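Notes to accompany the following structure.
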Amino acid sequence: MARSVFIAATGQHVGKTTTCLGLVGGLTKRVQKPGFIKPVGQQHVLVPDGSKVDIDVDLIRTQFSLNHLAHADMSPIVFDSMYTRDFLDGETESLDSMKARILRSYEKVSASSDFTVIEGTGHMGVGSIVGMNNATVAKLLDVDVVLVASGGIGSAFDELALNLQLCQAIGVRVRGIILNKVQPHKMEKVAYYVSKALLAWKVKLLGCIPFHPMLSSPSLSNLQSLLDAEVLAGADQLHLLLSERLLVATRSDIFYDALHRRGIHPATLIITPAARSDVINASIVTWTDNPDLRGALLLTGTTPPSREVQLLLAKANVPTIYSNKPTLQVAHLISAFTPKAEIMDKSRIEATIKLVEESLDLDDFF
């Protein structure tokens with residue numbers, strides 16, 4: 001059997017890419033040529049040759065310099081937003097053709113690599129409507145699956161049960177389970193009880209990855225993309241990770257007094273209407289006086305900040321973006337947002353790799 005493992009999950013934003021980053025990072029210390037492939041992707045970017053490539057493929061290929069692998073082989077199938085309807089209308093390539101393309105790409109990647117990490121898309125059933133779910137792909141490639149689930153006991157096991165049953169029905173081998181985002185003070189208890197529950201499935205718990213606030217914090221670049229916002233200042237600091245948020249709608253004297261009485265956390269995102277030049281000025285003064293606490297500004301509303309304010313922001317080099325959406329809509333969008341690592345998120349990527357390597361016994365995979 002090929003030296004490969006298929007990383008799947010019980011849902012979206014559970015930790016597949018986090019796990020893959022750590023595994024490929026571990027591979028680079030064990031073999032000369034690590035391999036990576038995401039057979040079916042959704043979110044994509046355009047690479048220099050003009051082809052669509054899944055964003056996780058682009059990230060991992062760039063991060064680990066996997067130049068021995070072609071983009072097209074690492075990301076053979078990408079479903080855009082219209083693909084499902086086009087498939088059902090008979091306007092795409094056939095299912096057999098897609099399977100053959102995935103198999104050819106996988107064979108090329110694995111033949112050129114010492115060990116290959118395969119990343120799935122969403123939960124095990126994603127892609128069923130076109131006959132190409134994760135379990136089907138793993139069966140096609142004849143590889144073991146490792147399932148990633150969110151940390152917990154009851155809810156985690158319920159989600160695992162649904163995905164394990166699909167693997168069992170299709171005849172896919174499940175090598176083990178990883179729990180991600182486990183609260184550090186609950187690690188021992190969660191590991192004990194989930195291991196006990198998994199005995200019914202005869203599946204091993206491979207490890208628990210603790211919750212890390214930094215990995216769940218959006219960068220200013222993430223928020224710029226989410227809100228389609230304009231960069232007003234501090235373009236060189238867009239990859240600042242923002243671990244705290246402060247929505248300011250009060251008077252500036254109350255805001256300024258609160259900052260000095262309670263203090264402000266480092267890497268705080270201050271969200272305020274763009275017309276509130278008083279709050280903006282107070283933020284500039286606070287961060288200028290306390291550079292170690294530097295955060296970022298997100299200005300909102302249909303009225304952009306004045307030219308005078310923009311010049312002050314540029315002079316102070318305070319990272320600032322502006323969205324013409326209402327403040328409450330912006331706050332809601334951010335609350336519902338789960339950030340993903342980007343190519344320039346070096347600190348997040350390095351922290352992710354370190355956390356996974358410290359939390360899992362990588363020999364269980366290789």
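Ordered as shown in the structure tokens, chains take letters A, B, and onward, while each chain numbers its residues from 1 and ligands are numbered from 1 in the order shown.
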
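Residues with any atom within 8 Å of segment 67-71 of chain A, counting only C-alpha atoms and excluding same-chain neighbours fewer than 3 positions away, are Lys33, Gly35, Val53, Val57, Asp58, Arg61, Met74, Ser75, Val109 and Ser112 of chain A.
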
Just write the chosen residues, N, CA and C atoms, as a PDB file, in the first residue's frame.
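To be explicit, this is the file written out as out-v6.pdb:
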ATOM      1  N   LYS A  33      11.406  14.265   0.350  1.00  0.00           N
ATOM      2  CA  LYS A  33      10.363  14.797  -0.532  1.00  0.00           C
ATOM      3  C   LYS A  33       8.966  14.520   0.038  1.00  0.00           C
ATOM      4  N   GLY A  35       4.973  14.821   0.246  1.00  0.00           N
ATOM      5  CA  GLY A  35       3.951  14.999  -0.778  1.00  0.00           C
ATOM      6  C   GLY A  35       2.660  15.519  -0.172  1.00  0.00           C
ATOM      7  N   VAL A  53      -6.427  26.531  -8.362  1.00  0.00           N
ATOM      8  CA  VAL A  53      -5.819  25.632  -7.384  1.00  0.00           C
ATOM      9  C   VAL A  53      -6.453  25.907  -6.023  1.00  0.00           C
ATOM     10  N   VAL A  57      -3.787  23.993  -1.019  1.00  0.00           N
ATOM     11  CA  VAL A  57      -2.679  23.480  -1.833  1.00  0.00           C
ATOM     12  C   VAL A  57      -1.660  24.582  -2.071  1.00  0.00           C
ATOM     13  N   ASP A  58      -2.136  25.762  -2.438  1.00  0.00           N
ATOM     14  CA  ASP A  58      -1.236  26.887  -2.693  1.00  0.00           C
ATOM     15  C   ASP A  58      -0.453  27.239  -1.432  1.00  0.00           C
ATOM     16  N   ARG A  61       2.073  24.162  -0.613  1.00  0.00           N
ATOM     17  CA  ARG A  61       3.136  24.075  -1.629  1.00  0.00           C
ATOM     18  C   ARG A  61       4.149  25.205  -1.441  1.00  0.00           C
ATOM     19  N   MET A  74      -1.535  18.454  -7.597  1.00  0.00           N
ATOM     20  CA  MET A  74      -1.858  18.622  -6.184  1.00  0.00           C
ATOM     21  C   MET A  74      -3.315  19.035  -5.968  1.00  0.00           C
ATOM     22  N   SER A  75      -3.940  19.577  -7.004  1.00  0.00           N
ATOM     23  CA  SER A  75      -5.319  20.058  -6.898  1.00  0.00           C
ATOM     24  C   SER A  75      -6.071  19.708  -8.185  1.00  0.00           C
ATOM     25  N   VAL A 109       1.775  12.301  -7.711  1.00  0.00           N
ATOM     26  CA  VAL A 109       2.257  12.909  -6.468  1.00  0.00           C
ATOM     27  C   VAL A 109       2.953  11.865  -5.604  1.00  0.00           C
ATOM     28  N   SER A 112       6.338  10.718  -6.811  1.00  0.00           N
ATOM     29  CA  SER A 112       7.395  11.729  -6.694  1.00  0.00           C
ATOM     30  C   SER A 112       7.718  12.072  -5.256  1.00  0.00           C
TER      31      SER A 112
END

Just want the 9 Å neighbourhood of segment 227-230 of chain A, counted on only C-alpha atoms, with same-chain residues fewer than 6 positions away dropped. Output as a short mmCIF file (atom, residue, chain, number, x, y, z; two decimals) with C-alpha atoms, in the first residue's frame.
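Now in result25.cif:
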data_model
loop_
_atom_site.label_atom_id
_atom_site.label_comp_id
_atom_site.auth_asym_id
_atom_site.auth_seq_id
_atom_site.Cartn_x
_atom_site.Cartn_y
_atom_site.Cartn_z
CA LEU A 298 -11.59 49.03 11.53
CA THR A 320 -6.41 50.77 9.45
CA ILE A 321 -9.05 49.42 7.09
CA TYR A 322 -12.37 50.98 6.09
CA SER A 323 -15.61 49.16 5.26
CA ASN A 324 -18.69 51.01 4.00
CA LYS A 325 -20.93 48.47 5.74
CA VAL A 330 -19.47 44.33 10.37
CA LEU A 333 -19.71 39.18 10.07
CA ILE A 334 -16.55 39.11 12.20
#

- Item | Nearest to Gly26 of chain A by atom-to-atom distance, counting only C-alpha atoms, from A:Asp236, A:Glu357, A:Asp96, A:Asp86 | A:Glu357

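The closest residue to Ser335 of chain A, picked from A:Leu27, A:Leu66, A:Leu247, A:Ala161 and counting only C-alpha atoms, is A:Leu247.
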
- Item | Separation of atom CA of Trp201 of chain A from atom CA of Leu160 of chain A in Å | 10.2 Å
